[in-house]
Number of protein chains: 2
Amino acid sequence: MQIRLFTPGPTSVPAEVTLSMAGPLPHHRTPEFRTTFQRVSAALREIHRTPDPVLVLTASGTGAMEAAVVNLTSPGESVLAVNAGKFGARWGELLRTYGRDVHEMTLEWGESPEPAHVREAAARHRARSLFVTHSETSTGALVDLERLGEVARELDLLLVADCVTSLGIHPIETKSWGVDCVVSGSQKGYMLPPGLAFVSLSERAQAKLAANPSPRFYFDLGRALQSAPAGQSPWTPAITLVLGLDAACRRILDEGLGRVWHRHAVLAEAVRAGVRALGLELVAAHPSNALTAVHVPERVGADAVRDTLARRFGIQVAGGQARLQGKIVRIGHLGAHEPADILLFLGAFEAALSAHGHPVRPGTALAAAQPVLSTLGGEGGR
Amino acid sequence: MQIRLFTPGPTSVPAEVTLSMAGPLPHHRTPEFRTTFQRVSAALREIHRTPDPVLVLTASGTGAMEAAVVNLTSPGESVLAVNAGKFGARWGELLRTYGRDVHEMTLEWGESPEPAHVREAAARHRARSLFVTHSETSTGALVDLERLGEVARELDLLLVADCVTSLGIHPIETKSWGVDCVVSGSQKGYMLPPGLAFVSLSERAQAKLAANPSPRFYFDLGRALQSAPAGQSPWTPAITLVLGLDAACRRILDEGLGRVWHRHAVLAEAVRAGVRALGLELVAAHPSNALTAVHVPERVGADAVRDTLARRFGIQVAGGQARLQGKIVRIGHLGAHEPADILLFLGAFEAALSAHGHPVRPGTALAAAQPVLSTLGGEGGR
């Protein structure tokens with residue numbers, strides 16, 4: 001059966017991106033590869049909406065998070081980390097591992113922090129840096145990054161944002177919002193396989209890392225900054241994934257960033273309309289457009305529904321993590337998804353819920369989603 | 001023009017490996033992927049000749065080197081590192097970065113350390129660990145890892161070996177030689193694109209890392225050890241490269257490890273016979289079978305020869321690094337190479353040298369190589 005990924009990453013890789021990785025392997029220390037790497041870097045800056053450098057690391061998103069921590073903070077430095085889910089908690093774990101003076105602002109899973117509360121906590125702890133999660137992949141909750149940027153500027157905090165499931169999905173104005181460091185990973189909005197991670201660095205972030213004595217080597221962003229202008233990376237990069245990135249960035253910029261964001265907004269709203277029509281409740285108070293996390297009644301069983309989706313339709317969705325394990329389903333609608341994908345998903349979701357005793361009138365979710373999808377217009381908005 | 005990689009990594013990826021990475025992307029938290037990951041882990045143990053775990057990291061080989069340093073040594077610990085080239089020097093840099101008490105045994109580039117001298121230096125510095133480079137990619141020199149294993153056992157040293165350009169090329173008996181940690185990378189003997197790195201851990205190495213308070217997160221091998229038996233990795237792995245690894249390991253084990261080692265030995269000997277017949281001198285006193293580094297007379301020009309190989313024949317070879325920049329050519333003959341590849345390379349090399357004024361009687365290198373290649377027998381030894 002065909003694999004149909006509706007997980008919040010990895011997401012399906014478009015055929016043209018797959019093909020770009022299937023040719024003869026080039027060497028990375030050649031003029032041709034340097035040109036590709038420079039073109040990719042320019043595209044990344046465009047997608048991040050910043051003239052500042054965006055570095056490419058061969059690692060998962062967690063590697064990029066570690067790079068932000070070890071380059072941009074020093075041992076003993078007071079740092080505020082917002083924790084409203086598994087990935088927010090990871091900032092705290094990383095910062096504690098490296099001996100930073102971490103103050104965690106812990107929220108219920110599914111909630112998003114009030115910028116005013118963040119401001120108050122940062123001021124109280126005399127924090128020098130603020131670590132947040134733009135789109136919390138464990139709950140599907142979105143944070144108001146623009147307003148957190150205002151808070152950071154007001155208090156002169158270095159702002160580091162995990163944008164792993166928001167980059168290429170939600171508008172992020174890295175420069176004008178004052179986000180000093182945006183962290184992301186290849187298997188999400190970029191529509192690539194996992195293996196690459198990205199870190200943007202404002203001028204302030206570059207100055208801070210240059211003065212930072214904290215030990216690092218593989219994740220030393222200073223080395224990466226130095227070699228990037230020549231289209232190189234300090235260590236051998238994952239060459240095929242860089243070629244795929246080139247194709248994926250071209251696809252994003254050909255569609256147009258504004259259209260990409262709009263398509264995600266419409267598809268996400270259609271999924272939310274569909275699942276609400278089925279009587280399911282969202283986990284997130286302020287939902288992200290990358291994924292929709294929904295509570296599945298205990299008598300129905302979230303994991304039973306996931307199994308049925310996989311077995312009958314080849315559809316992969318994610319389950320709950322940590323405290324939400326077995327209680328929710330997380331539906332990814334990020335990357336290359338189109339209206340047709342949402343229709344097939346909602347149809348299958350109705351059937352799977354119904355198979356496990358959830359009362360469903362067939363067509364309910366589709367009926368709720370169709371008017372939303374129709375706002376995209378011709379060519380699925382592209 | 002077709003890209004023909006004769007670099008000491010990355011090396012060409014066989015078609016069946018490329019195709020294994022070009023299907024629909026699977027999710028990594030599925031029973032199917034767990035099964036693949038477990039099969040790959042078993043194959044890696046077989047290729048490493050050890051029953052101990054071999055962990056898969058999403059990183060370049062340098063990432064795996066860092067993982068060995070931060071997991072297996074503690075701040076202030078006395079460590080002996082052998083430095084006879086760029087990659088030996090990297091052990092020292094890494095160990096110093098993380099505050100280890102590093103004693104470097106520095107040799108001329110191209111030399112290989114005498115085990116007796118290593119023993120003496122380790123004893124003098126009361127070293128607890130020994131970091132070596134099995135095949136030094138900057139010079140093409142090979143080290144007697146088996147005898148260094150004896151030294152390590154005698155002095156109760158933890159032995160860590162960079163086998164990035166020897167694993168899958170030279171015999172390595174990880175278990176019986178007592179190598180506690182073998183570090184390798186995907187773009188060499190594995191015939192994969194770069195992006196994965198590997199770390200084997202003896203029982204002694206596992207015990208040492210469990211007791212090691214040194215901070216680490218992305219490269220925390222304790223986490224990787226814990227999730228490996230279930231066919232998982234702590235962070236999202238480079239899924240497509242793991243699928244490619246599955247195909248590449250099958251290819252290696254189908255050919256047979258002994259035959260793979262023998263093929264590399266014969267191809268390397270043929271290249272050495274060819275370049276010697278052309279009057280060129282090897283950089284390494286004890287040459288590795290992964291690559292052949294040769295001095296190119298200054299009036300001919302190593303980089304001019306490389307340019308001509310690339311322009312006229314699509315052949316990529318590597319140049320010298322650091323102090324050998326512009327002085328040597330490094331010819332990679334590792335991975336999927338067959339006798340026909342050696343013939344085309346030597347033919348092209350003769351032409352390129354001749355084009356830049358080196359006195360060459362056409363056919364000299366081929367004539368010297370042919371008798372060596374003929375010892376492989378039918379099917380190129382496979």
# chains A, B, ... in the order shown; residues from 1 in each chain; ligands from 1
$ interface_residues --of "chain B" --to "chain A" --cutoff "7 Å" --atoms "only C-alpha atoms" --output "PyMOL selection string"
chain B and resi 3+10+12-13+18+22+24-27+58-60+62-63+66+94+97-98+193-195+215-218+235-240
$ write_last_selection --atoms "C-alpha atoms" --output "compact mmCIF listing (two decimals), in the first residue's frame"
# COMPACT_ATOMS: atom_id res chain seq x y z
CA ILE B 3 31.04 12.64 -12.65
CA PRO B 10 32.67 10.82 -1.01
CA SER B 12 30.28 6.89 -6.05
CA VAL B 13 26.98 5.46 -4.89
CA THR B 18 20.52 5.20 -4.95
CA ALA B 22 14.25 7.09 -4.05
CA PRO B 24 8.17 7.12 -0.96
CA LEU B 25 9.59 8.33 2.36
CA PRO B 26 8.56 6.08 5.27
CA HIS B 27 8.03 7.33 8.82
CA THR B 58 23.01 11.63 11.74
CA ALA B 59 26.21 13.66 11.31
CA SER B 60 29.49 13.69 9.41
CA THR B 62 33.61 14.59 12.67
CA GLY B 63 30.34 14.36 14.62
CA GLU B 66 33.13 14.36 18.85
CA LEU B 94 38.61 17.98 19.75
CA THR B 97 38.28 21.85 22.99
CA TYR B 98 36.69 19.75 25.72
CA PRO B 193 26.25 9.78 0.36
CA PRO B 194 27.59 11.60 3.44
CA GLY B 195 25.25 12.25 6.38
CA PRO B 215 27.87 17.07 29.37
CA ARG B 216 26.43 15.99 26.01
CA PHE B 217 23.00 15.84 24.43
CA TYR B 218 22.73 15.34 20.65
CA TRP B 235 16.49 11.89 17.43
CA THR B 236 14.88 11.69 13.98
CA PRO B 237 17.44 9.86 11.80
CA ALA B 238 18.33 10.67 8.18
CA ILE B 239 15.72 8.15 7.02
CA THR B 240 16.69 7.92 3.34
$ residues_around --residues "B:Val300" --least-positions-apart "6" --cutoff "9 Å" --atoms "only C-alpha atoms" --output "PyMOL selection string"
chain B and resi 353-358
$ write_last_selection --atoms "C-alpha atoms" --output "short mmCIF file (atom, residue, chain, number, x, y, z; two decimals), in the first residue's frame"
data_model
loop_
_atom_site.label_atom_id
_atom_site.label_comp_id
_atom_site.auth_asym_id
_atom_site.auth_seq_id
_atom_site.Cartn_x
_atom_site.Cartn_y
_atom_site.Cartn_z
CA LEU B 353 50.49 14.23 -16.36
CA SER B 354 51.77 14.22 -19.91
CA ALA B 355 49.70 17.30 -20.76
CA HIS B 356 51.55 19.18 -18.04
CA GLY B 357 55.03 18.14 -19.13
CA HIS B 358 55.66 15.03 -17.06
#
$ residues_around --residues "B:Val40" --least-positions-apart "2" --cutoff "9 Å" --atoms "only C-alpha atoms" --output "number ranges by chain"
B: 35-38, 42-45, 242-243, 245-247, 249-250
$ write_last_selection --atoms "C-alpha atoms" --output "short mmCIF file (atom, residue, chain, number, x, y, z; two decimals), in the first residue's frame"
data_model
loop_
_atom_site.label_atom_id
_atom_site.label_comp_id
_atom_site.auth_asym_id
_atom_site.auth_seq_id
_atom_site.Cartn_x
_atom_site.Cartn_y
_atom_site.Cartn_z
CA THR B 35 12.82 -3.79 11.44
CA THR B 36 15.03 -2.09 8.84
CA PHE B 37 17.01 -0.31 11.54
CA GLN B 38 17.56 -3.56 13.47
CA ALA B 42 23.09 -6.40 12.78
CA ALA B 43 24.87 -5.87 9.46
CA LEU B 44 27.03 -3.12 10.99
CA ARG B 45 28.11 -5.46 13.78
CA VAL B 242 19.36 4.55 6.61
CA LEU B 243 17.45 2.90 3.74
CA LEU B 245 22.69 1.85 4.34
CA ASP B 246 20.47 -1.22 4.38
CA ALA B 247 21.10 -1.75 0.65
CA CYS B 249 25.38 -3.36 3.84
CA ARG B 250 23.57 -6.08 1.89
#
$ atom_distance --atom1 "atom CA of A:Leu159" --atom2 "atom CA of A:Trp109"
21.7 Å
$ select_by_dssp --residues "stretch 31-157 of chain A" --states "helix (DSSP H, G or I)" --output "VMD selection string"
chain A and resid 31 to 48 61 to 72 86 to 97 115 to 124 145 to 155
$ select_by_dssp --residues "stretch 130-286 of chain B" --states "strand (DSSP E)" --output "mmCIF file with N, CA and C atoms, in the first residue's frame"
data_model
loop_
_atom_site.group_PDB
_atom_site.id
_atom_site.type_symbol
_atom_site.label_atom_id
_atom_site.label_comp_id
_atom_site.auth_asym_id
_atom_site.auth_seq_id
_atom_site.Cartn_x
_atom_site.Cartn_y
_atom_site.Cartn_z
ATOM 1 N N LEU B 130 43.679 6.178 24.301
ATOM 2 C CA LEU B 130 44.549 6.344 23.140
ATOM 3 C C LEU B 130 43.671 6.598 21.919
ATOM 4 N N PHE B 131 43.907 7.728 21.257
ATOM 5 C CA PHE B 131 43.141 8.099 20.061
ATOM 6 C C PHE B 131 44.056 8.010 18.842
ATOM 7 N N VAL B 132 43.657 7.194 17.878
ATOM 8 C CA VAL B 132 44.489 7.005 16.682
ATOM 9 C C VAL B 132 43.647 7.107 15.405
ATOM 10 N N THR B 133 44.355 7.223 14.286
ATOM 11 C CA THR B 133 43.728 7.277 12.974
ATOM 12 C C THR B 133 44.195 6.044 12.215
ATOM 13 N N SER B 135 43.479 4.899 9.079
ATOM 14 C CA SER B 135 43.909 5.260 7.727
ATOM 15 C C SER B 135 43.801 6.781 7.657
ATOM 16 N N GLU B 136 44.964 7.438 7.547
ATOM 17 C CA GLU B 136 45.005 8.908 7.593
ATOM 18 C C GLU B 136 44.685 9.445 6.192
ATOM 19 N N ALA B 141 48.301 7.166 4.750
ATOM 20 C CA ALA B 141 49.115 6.257 5.570
ATOM 21 C C ALA B 141 48.240 5.370 6.451
ATOM 22 N N LEU B 142 48.655 4.117 6.590
ATOM 23 C CA LEU B 142 47.934 3.150 7.408
ATOM 24 C C LEU B 142 48.730 2.851 8.672
ATOM 25 N N LEU B 158 41.877 2.781 26.981
ATOM 26 C CA LEU B 158 40.711 2.710 26.099
ATOM 27 C C LEU B 158 41.185 3.117 24.701
ATOM 28 N N LEU B 159 40.956 2.256 23.714
ATOM 29 C CA LEU B 159 41.459 2.523 22.359
ATOM 30 C C LEU B 159 40.328 2.998 21.444
ATOM 31 N N VAL B 160 40.486 4.229 20.931
ATOM 32 C CA VAL B 160 39.504 4.823 20.013
ATOM 33 C C VAL B 160 40.186 5.014 18.659
ATOM 34 N N ALA B 161 39.588 4.466 17.599
ATOM 35 C CA ALA B 161 40.223 4.536 16.283
ATOM 36 C C ALA B 161 39.303 5.186 15.259
ATOM 37 N N ASP B 162 39.821 6.221 14.606
ATOM 38 C CA ASP B 162 39.148 6.816 13.455
ATOM 39 C C ASP B 162 39.379 5.868 12.285
ATOM 40 N N CYS B 181 36.431 1.534 20.464
ATOM 41 C CA CYS B 181 35.517 2.409 19.738
ATOM 42 C C CYS B 181 36.044 2.628 18.327
ATOM 43 N N VAL B 182 35.273 2.192 17.355
ATOM 44 C CA VAL B 182 35.597 2.412 15.943
ATOM 45 C C VAL B 182 34.648 3.487 15.423
ATOM 46 N N VAL B 183 35.206 4.531 14.851
ATOM 47 C CA VAL B 183 34.429 5.645 14.311
ATOM 48 C C VAL B 183 34.496 5.583 12.788
ATOM 49 N N SER B 184 33.350 5.713 12.114
ATOM 50 C CA SER B 184 33.384 5.713 10.645
ATOM 51 C C SER B 184 32.269 6.600 10.086
ATOM 52 N N GLY B 185 32.288 6.787 8.761
ATOM 53 C CA GLY B 185 31.320 7.689 8.116
ATOM 54 C C GLY B 185 30.781 7.072 6.839
ATOM 55 N N LEU B 196 25.616 10.107 7.472
ATOM 56 C CA LEU B 196 25.540 9.190 8.614
ATOM 57 C C LEU B 196 26.949 8.917 9.115
ATOM 58 N N ALA B 197 27.065 8.692 10.420
ATOM 59 C CA ALA B 197 28.344 8.314 11.012
ATOM 60 C C ALA B 197 28.077 7.201 12.017
ATOM 61 N N PHE B 198 29.120 6.434 12.313
ATOM 62 C CA PHE B 198 28.948 5.217 13.098
ATOM 63 C C PHE B 198 29.972 5.150 14.223
ATOM 64 N N VAL B 199 29.547 4.600 15.348
ATOM 65 C CA VAL B 199 30.413 4.471 16.518
ATOM 66 C C VAL B 199 30.180 3.099 17.133
ATOM 67 N N SER B 200 31.207 2.265 17.180
ATOM 68 C CA SER B 200 31.078 0.994 17.894
ATOM 69 C C SER B 200 31.545 1.186 19.329
#
$ residues_around --residues "stretch 115-128 of chain B" --least-positions-apart "5" --cutoff "7 Å" --atoms "only C-alpha atoms" --output "PyMOL selection string"
chain B and resi 78-80+147-148+151+157-158
$ atom_distance --atom1 "atom CA of A:Ala365" --atom2 "atom CA of A:Ala265"
17.5 Å
$ atom_distance --atom1 "atom CA of A:Val266" --atom2 "atom CA of A:Met191"
18.2 Å
$ closest_residue --among "B:Thr50, B:Asn289, B:Gln232, B:Thr364" --to "B:His170" --atoms "only C-alpha atoms"
B:Asn289
$ closest_residue --among "A:Val271, A:Leu280, A:Pro75, A:His333" --to "A:Gly347" --atoms "only C-alpha atoms"
A:Val271
$ closest_residue --among "B:Phe349, B:Thr292, B:Val360, B:Gly256" --to "B:Ile315" --atoms "only C-alpha atoms"
B:Phe349
$ closest_residue --among "B:Leu267, B:Ser112, B:Glu281, B:Ala211" --to "B:Ser374" --atoms "only C-alpha atoms"
B:Leu267
$ closest_residue --among "B:Thr139, B:Asn212, B:Gln206, B:Ser227" --to "B:Leu324" --atoms "only C-alpha atoms"
B:Thr139
